[in-house]
Protein chains: 2
Amino acid sequence: MKPPFEKNAGRRASRPSFEPLAPHELELADFFVRMAGILGVPRSVAEIYSLLYISLKPLDFDQIQGRLGMSKGSVSQGLKFLRDQGMILSVKEKGSRRELWHPTPSLAASLVSLLRSQVLPALEQASPALQRVLDGVQSDKTPPEVLERLSRLKRWNNRALELFPLLLPPPPEA
Amino acid sequence: MKPPFEKNAGRRASRPSFEPLAPHELELADFFVRMAGILGVPRSVAEIYSLLYISLKPLDFDQIQGRLGMSKGSVSQGLKFLRDQGMILSVKEKGSRRELWHPTPSLAASLVSLLRSQVLPALEQASPALQRVLDGVQSDKTPPEVLERLSRLKRWNNRALELFPLLLPPPPEA
DNA sequence: GCGTAAGTTCAAATATTAATGAAGATACAT
DNA sequence: ATGTATCTTCATTAATATTTGAACTTACGC
């Protein structure tokens, strides 16, 4: 097994008639792709975010597709993901249906939202499961050391569940 | 795209002549597999760790392979990973070459080591890269808002790099 | 209202990652 | 010293995840 999280560095070519990414834009894309990799977010999503992040003004669907040389489907799904995570916002020019995308002001808040969506469900599901594990070991046959291991795990999980909303407050709902 | 981090819940069958996993053992395995998934660690590795974690006494290679119904290669690589991360230790019974594996006492320390190995390299590589990005944008053409975004990113990265060793001290070397 | 710009969906194709197993290395008990 | 138990390696196969693109939907500008 390789150490996890290494992804290859395959690159797309921008479509003709769109400016290919400049070196510093590629570099930023690499950065975001790497970071996204740690969180299990696909490269296409990271590339889109990166492009919006470094762009002088909001970009529309076609510009994103064109400059990244990416399929329509990927752009659509990538934008959906970023939108759902609250990481990007759109504006419209009047007289056009086109949406123009740009990053939300706070990257920090975006990351928090991502983390929430990833780890909170895991923590929540774990709590009763760990209780069932504890119920499952016969305490007469199980050495105290193992019992201790397991209940420590449960305590941690509970603590994490308590702490989580404090550290990463849920976004205010509409 | 599915929300990241969902892995399927496929299960192995234990090899004949080895006790299959009991329900509470399966439950703990699910927990560890889930958590490992968040960090991009493969399920086979999580299963091995989980089995050692709940076992009454240290297990040898064959017991691990047998109870999990896993290939030799996977057991070998999984143990290597866990060993390298400092998450498991071995003892030997005298008169046998066999190693008996058990989890290291501190799961916390183990997780810290895992995190280190995952995010520290990314942070380190990012630092000069982000500087190059900043050098790459022509500050005359780039709106102040974008410049601000980019330098904030760099500041964060630097801060994270400073903080990291404080939060997660490196293991004392031999 | 209607034509079409603008975007979405999803089944199929590709790319990536993990698991397997047979052949090879190692070192210890004898 | 040697035979073999014990483990490792790695090319192959299997499983998953991501991307593509063509068919479909939607809703706006006219």
# chains A, B, ... in the order shown; residues from 1 in each chain; ligands from 1
$ closest_atom_pairs --of "chain C" --to "chain A" --cutoff "10 Å" --atoms "only C-alpha atoms (C1' of nucleotides)" --output "CSV"
residue,atom,partner,partner_atom,distance
C:DA5,C1',A:Arg97,CA,7.8
C:DA6,C1',A:Arg98,CA,6.7
C:DG7,C1',A:Ser76,CA,7.2
C:DT8,C1',A:Ser76,CA,7.1
C:DT9,C1',A:Gly73,CA,8.5
C:DC10,C1',A:Gly73,CA,9.8
C:DT16,C1',A:Lys7,CA,8.3
C:DT17,C1',A:Met1,CA,9.2
C:DA18,C1',A:Met1,CA,7.8
C:DA19,C1',A:Met1,CA,9.9
$ write_last_selection --atoms "N, CA and C atoms (P, O5', C5', C4', C3', O3' and C1' of nucleotides)" --output "PDB file, in the first residue's frame"
ATOM      1  P    DA C   5     -29.365  29.114 -28.711  1.00  0.00           P
ATOM      2  O5'  DA C   5     -28.750  29.935 -27.511  1.00  0.00           O
ATOM      3  C5'  DA C   5     -29.398  31.119 -27.047  1.00  0.00           C
ATOM      4  C4'  DA C   5     -29.411  31.123 -25.541  1.00  0.00           C
ATOM      5  C3'  DA C   5     -28.064  30.790 -24.890  1.00  0.00           C
ATOM      6  O3'  DA C   5     -28.008  31.572 -23.713  1.00  0.00           O
ATOM      7  C1'  DA C   5     -29.662  29.165 -24.229  1.00  0.00           C
ATOM      8  P    DA C   6     -26.821  31.576 -22.726  1.00  0.00           P
ATOM      9  O5'  DA C   6     -27.163  30.402 -21.724  1.00  0.00           O
ATOM     10  C5'  DA C   6     -28.122  30.636 -20.697  1.00  0.00           C
ATOM     11  C4'  DA C   6     -28.165  29.423 -19.818  1.00  0.00           C
ATOM     12  C3'  DA C   6     -26.778  28.887 -19.423  1.00  0.00           C
ATOM     13  O3'  DA C   6     -26.713  28.939 -18.017  1.00  0.00           O
ATOM     14  C1'  DA C   6     -28.225  27.138 -20.132  1.00  0.00           C
ATOM     15  P    DG C   7     -25.431  28.425 -17.248  1.00  0.00           P
ATOM     16  O5'  DG C   7     -25.936  26.956 -16.929  1.00  0.00           O
ATOM     17  C5'  DG C   7     -27.148  26.905 -16.193  1.00  0.00           C
ATOM     18  C4'  DG C   7     -27.677  25.512 -16.107  1.00  0.00           C
ATOM     19  C3'  DG C   7     -26.754  24.528 -15.382  1.00  0.00           C
ATOM     20  O3'  DG C   7     -27.475  24.075 -14.262  1.00  0.00           O
ATOM     21  C1'  DG C   7     -27.686  23.573 -17.341  1.00  0.00           C
ATOM     22  P    DT C   8     -26.905  23.063 -13.234  1.00  0.00           P
ATOM     23  O5'  DT C   8     -27.642  21.714 -13.657  1.00  0.00           O
ATOM     24  C5'  DT C   8     -29.063  21.708 -13.709  1.00  0.00           C
ATOM     25  C4'  DT C   8     -29.529  20.304 -14.038  1.00  0.00           C
ATOM     26  C3'  DT C   8     -28.896  19.197 -13.186  1.00  0.00           C
ATOM     27  O3'  DT C   8     -29.968  18.401 -12.743  1.00  0.00           O
ATOM     28  C1'  DT C   8     -28.647  18.700 -15.497  1.00  0.00           C
ATOM     29  P    DT C   9     -29.707  17.275 -11.597  1.00  0.00           P
ATOM     30  O5'  DT C   9     -29.957  15.897 -12.383  1.00  0.00           O
ATOM     31  C5'  DT C   9     -30.530  15.984 -13.650  1.00  0.00           C
ATOM     32  C4'  DT C   9     -30.525  14.611 -14.326  1.00  0.00           C
ATOM     33  C3'  DT C   9     -29.968  13.433 -13.529  1.00  0.00           C
ATOM     34  O3'  DT C   9     -30.777  12.327 -13.856  1.00  0.00           O
ATOM     35  C1'  DT C   9     -28.684  13.730 -15.500  1.00  0.00           C
ATOM     36  P    DC C  10     -30.877  11.011 -12.959  1.00  0.00           P
ATOM     37  O5'  DC C  10     -30.060   9.951 -13.830  1.00  0.00           O
ATOM     38  C5'  DC C  10     -30.383   9.780 -15.214  1.00  0.00           C
ATOM     39  C4'  DC C  10     -29.279   8.973 -15.866  1.00  0.00           C
ATOM     40  C3'  DC C  10     -28.599   7.964 -14.929  1.00  0.00           C
ATOM     41  O3'  DC C  10     -28.265   6.826 -15.702  1.00  0.00           O
ATOM     42  C1'  DC C  10     -26.983   9.358 -15.814  1.00  0.00           C
ATOM     43  P    DT C  16      -5.600   8.694 -13.366  1.00  0.00           P
ATOM     44  O5'  DT C  16      -5.924   7.954 -12.001  1.00  0.00           O
ATOM     45  C5'  DT C  16      -7.048   8.421 -11.245  1.00  0.00           C
ATOM     46  C4'  DT C  16      -7.280   7.484 -10.103  1.00  0.00           C
ATOM     47  C3'  DT C  16      -6.012   7.097  -9.328  1.00  0.00           C
ATOM     48  O3'  DT C  16      -6.255   7.512  -8.019  1.00  0.00           O
ATOM     49  C1'  DT C  16      -7.373   5.196  -9.765  1.00  0.00           C
ATOM     50  P    DT C  17      -5.176   7.313  -6.838  1.00  0.00           P
ATOM     51  O5'  DT C  17      -5.743   5.988  -6.141  1.00  0.00           O
ATOM     52  C5'  DT C  17      -7.117   5.953  -5.776  1.00  0.00           C
ATOM     53  C4'  DT C  17      -7.401   4.627  -5.107  1.00  0.00           C
ATOM     54  C3'  DT C  17      -6.301   4.159  -4.160  1.00  0.00           C
ATOM     55  O3'  DT C  17      -6.947   3.830  -2.967  1.00  0.00           O
ATOM     56  C1'  DT C  17      -6.849   2.442  -5.702  1.00  0.00           C
ATOM     57  P    DA C  18      -6.241   3.122  -1.751  1.00  0.00           P
ATOM     58  O5'  DA C  18      -6.711   1.617  -1.933  1.00  0.00           O
ATOM     59  C5'  DA C  18      -8.093   1.311  -1.924  1.00  0.00           C
ATOM     60  C4'  DA C  18      -8.272  -0.181  -1.962  1.00  0.00           C
ATOM     61  C3'  DA C  18      -7.469  -0.950  -0.927  1.00  0.00           C
ATOM     62  O3'  DA C  18      -8.357  -1.892  -0.353  1.00  0.00           O
ATOM     63  C1'  DA C  18      -6.964  -1.764  -3.095  1.00  0.00           C
ATOM     64  P    DA C  19      -7.867  -3.082   0.555  1.00  0.00           P
ATOM     65  O5'  DA C  19      -7.729  -4.303  -0.462  1.00  0.00           O
ATOM     66  C5'  DA C  19      -8.904  -4.775  -1.097  1.00  0.00           C
ATOM     67  C4'  DA C  19      -8.642  -6.126  -1.730  1.00  0.00           C
ATOM     68  C3'  DA C  19      -7.998  -7.153  -0.804  1.00  0.00           C
ATOM     69  O3'  DA C  19      -8.694  -8.374  -1.008  1.00  0.00           O
ATOM     70  C1'  DA C  19      -6.623  -6.810  -2.710  1.00  0.00           C
TER      71       DA C  19
END
$ interface_residues --of "chain A" --to "chain B" --cutoff "6 Å" --atoms "only C-alpha atoms" --output "PyMOL selection string"
chain A and resi 4+24+40+133+136
$ interface_residues --of "chain D" --to "chain B" --cutoff "10 Å" --atoms "only C-alpha atoms (C1' of nucleotides)" --output "list in words"
DA5, DT6, DC7, DT8, DT9, DC10, DT16, DA17, DT18 and DT19 of chain D
$ write_last_selection --atoms "N, CA, C and O atoms (P, O5', C5', C4', C3', O3' and C1' of nucleotides)" --output "PDB file, in the first residue's frame"
ATOM      1  P    DA D   5       7.698 -25.750   7.973  1.00  0.00           P
ATOM      2  O5'  DA D   5       7.244 -24.671   9.049  1.00  0.00           O
ATOM      3  C5'  DA D   5       7.995 -24.537  10.245  1.00  0.00           C
ATOM      4  C4'  DA D   5       8.138 -23.069  10.578  1.00  0.00           C
ATOM      5  C3'  DA D   5       6.833 -22.289  10.541  1.00  0.00           C
ATOM      6  O3'  DA D   5       6.891 -21.380  11.626  1.00  0.00           O
ATOM      7  C1'  DA D   5       8.379 -21.326   9.022  1.00  0.00           C
ATOM      8  P    DT D   6       5.803 -20.437  12.047  1.00  0.00           P
ATOM      9  O5'  DT D   6       6.164 -19.145  11.225  1.00  0.00           O
ATOM     10  C5'  DT D   6       7.302 -18.380  11.594  1.00  0.00           C
ATOM     11  C4'  DT D   6       7.437 -17.237  10.634  1.00  0.00           C
ATOM     12  C3'  DT D   6       6.139 -16.452  10.378  1.00  0.00           C
ATOM     13  O3'  DT D   6       6.311 -15.192  10.963  1.00  0.00           O
ATOM     14  C1'  DT D   6       7.426 -16.758   8.415  1.00  0.00           C
ATOM     15  P    DC D   7       5.094 -14.172  10.989  1.00  0.00           P
ATOM     16  O5'  DC D   7       5.412 -13.314   9.697  1.00  0.00           O
ATOM     17  C5'  DC D   7       6.649 -12.607   9.694  1.00  0.00           C
ATOM     18  C4'  DC D   7       7.078 -12.303   8.284  1.00  0.00           C
ATOM     19  C3'  DC D   7       6.260 -11.214   7.588  1.00  0.00           C
ATOM     20  O3'  DC D   7       7.085 -10.054   7.570  1.00  0.00           O
ATOM     21  C1'  DC D   7       6.927 -12.954   6.106  1.00  0.00           C
ATOM     22  P    DT D   8       6.543  -8.686   6.978  1.00  0.00           P
ATOM     23  O5'  DT D   8       7.062  -8.728   5.467  1.00  0.00           O
ATOM     24  C5'  DT D   8       8.435  -8.960   5.214  1.00  0.00           C
ATOM     25  C4'  DT D   8       8.711  -8.842   3.728  1.00  0.00           C
ATOM     26  C3'  DT D   8       8.084  -7.636   3.024  1.00  0.00           C
ATOM     27  O3'  DT D   8       9.114  -7.069   2.246  1.00  0.00           O
ATOM     28  C1'  DT D   8       7.486  -9.635   1.902  1.00  0.00           C
ATOM     29  P    DT D   9       8.916  -5.622   1.525  1.00  0.00           P
ATOM     30  O5'  DT D   9       8.947  -5.978  -0.030  1.00  0.00           O
ATOM     31  C5'  DT D   9       9.320  -7.284  -0.396  1.00  0.00           C
ATOM     32  C4'  DT D   9       9.179  -7.514  -1.884  1.00  0.00           C
ATOM     33  C3'  DT D   9       8.630  -6.359  -2.720  1.00  0.00           C
ATOM     34  O3'  DT D   9       9.287  -6.433  -3.969  1.00  0.00           O
ATOM     35  C1'  DT D   9       7.127  -8.191  -2.856  1.00  0.00           C
ATOM     36  P    DC D  10       9.346  -5.191  -5.000  1.00  0.00           P
ATOM     37  O5'  DC D  10       8.309  -5.635  -6.125  1.00  0.00           O
ATOM     38  C5'  DC D  10       8.386  -6.961  -6.675  1.00  0.00           C
ATOM     39  C4'  DC D  10       7.125  -7.243  -7.463  1.00  0.00           C
ATOM     40  C3'  DC D  10       6.480  -5.983  -8.089  1.00  0.00           C
ATOM     41  O3'  DC D  10       5.916  -6.370  -9.336  1.00  0.00           O
ATOM     42  C1'  DC D  10       4.914  -7.063  -6.765  1.00  0.00           C
ATOM     43  P    DT D  16     -16.076  -2.589  -3.847  1.00  0.00           P
ATOM     44  O5'  DT D  16     -15.688  -1.050  -3.923  1.00  0.00           O
ATOM     45  C5'  DT D  16     -14.686  -0.683  -4.837  1.00  0.00           C
ATOM     46  C4'  DT D  16     -14.305   0.759  -4.646  1.00  0.00           C
ATOM     47  C3'  DT D  16     -15.472   1.723  -4.624  1.00  0.00           C
ATOM     48  O3'  DT D  16     -15.060   2.850  -3.872  1.00  0.00           O
ATOM     49  C1'  DT D  16     -14.277   1.935  -6.670  1.00  0.00           C
ATOM     50  P    DA D  17     -15.912   4.123  -3.636  1.00  0.00           P
ATOM     51  O5'  DA D  17     -15.256   5.139  -4.669  1.00  0.00           O
ATOM     52  C5'  DA D  17     -13.851   5.148  -4.826  1.00  0.00           C
ATOM     53  C4'  DA D  17     -13.457   6.243  -5.780  1.00  0.00           C
ATOM     54  C3'  DA D  17     -14.375   7.448  -5.792  1.00  0.00           C
ATOM     55  O3'  DA D  17     -13.524   8.570  -5.919  1.00  0.00           O
ATOM     56  C1'  DA D  17     -14.315   6.454  -7.949  1.00  0.00           C
ATOM     57  P    DT D  18     -14.064  10.031  -6.132  1.00  0.00           P
ATOM     58  O5'  DT D  18     -13.946  10.222  -7.712  1.00  0.00           O
ATOM     59  C5'  DT D  18     -12.638  10.235  -8.296  1.00  0.00           C
ATOM     60  C4'  DT D  18     -12.767  10.489  -9.775  1.00  0.00           C
ATOM     61  C3'  DT D  18     -13.477  11.783 -10.155  1.00  0.00           C
ATOM     62  O3'  DT D  18     -12.549  12.498 -10.939  1.00  0.00           O
ATOM     63  C1'  DT D  18     -14.315   9.944 -11.405  1.00  0.00           C
ATOM     64  P    DT D  19     -12.859  13.895 -11.559  1.00  0.00           P
ATOM     65  O5'  DT D  19     -13.342  13.486 -13.030  1.00  0.00           O
ATOM     66  C5'  DT D  19     -12.409  12.807 -13.852  1.00  0.00           C
ATOM     67  C4'  DT D  19     -13.064  12.499 -15.183  1.00  0.00           C
ATOM     68  C3'  DT D  19     -13.734  13.709 -15.844  1.00  0.00           C
ATOM     69  O3'  DT D  19     -13.063  13.882 -17.093  1.00  0.00           O
ATOM     70  C1'  DT D  19     -15.176  11.791 -15.867  1.00  0.00           C
TER      71       DT D  19
END
$ residues_around --residues "DT4 of chain C" --least-positions-apart "4" --cutoff "12 Å" --atoms "only C-alpha atoms (C1' of nucleotides)" --output "tab-separated table (two decimals) with C-alpha atoms (C1' of nucleotides), in the first residue's frame"
chain	number	residue	atom	x	y	z
A	97	ARG	CA	-29.70	33.54	-17.79
D	26	DT	C1'	-36.06	23.93	-17.62
D	27	DA	C1'	-37.16	28.54	-17.83
D	28	DC	C1'	-36.06	32.95	-19.90
D	29	DG	C1'	-35.97	36.40	-23.52
D	30	DC	C1'	-38.28	37.45	-27.30
$ closest_residue --among "A:Leu21, A:Val91, A:Leu120, A:Ala109" --to "Leu68 of chain A" --atoms "only C-alpha atoms"
A:Leu21
$ select_by_dssp --residues "segment 11-138 of chain B" --states "strand (DSSP E or B)" --output "VMD selection string"
chain B and resid 59 to 60 88 to 92 99 to 103
$ atom_distance --atom1 "atom CA of Pro128 of chain A" --atom2 "atom CA of Ile48 of chain B"
21.9 Å
$ select_by_dssp --residues "segment 35-108 of chain A" --states "helix (DSSP H, G or I)" --output "PyMOL selection string"
chain A and resi 35-38+43-54+61-68+72-84+107-108
$ residues_around --residues "DA11 of chain C" --least-positions-apart "2" --cutoff "12 Å" --atoms "only C-alpha atoms (C1' of nucleotides)" --output "list in words"
DT9 and DA13 of chain C; DT20, DG21, DA22 and DA23 of chain D
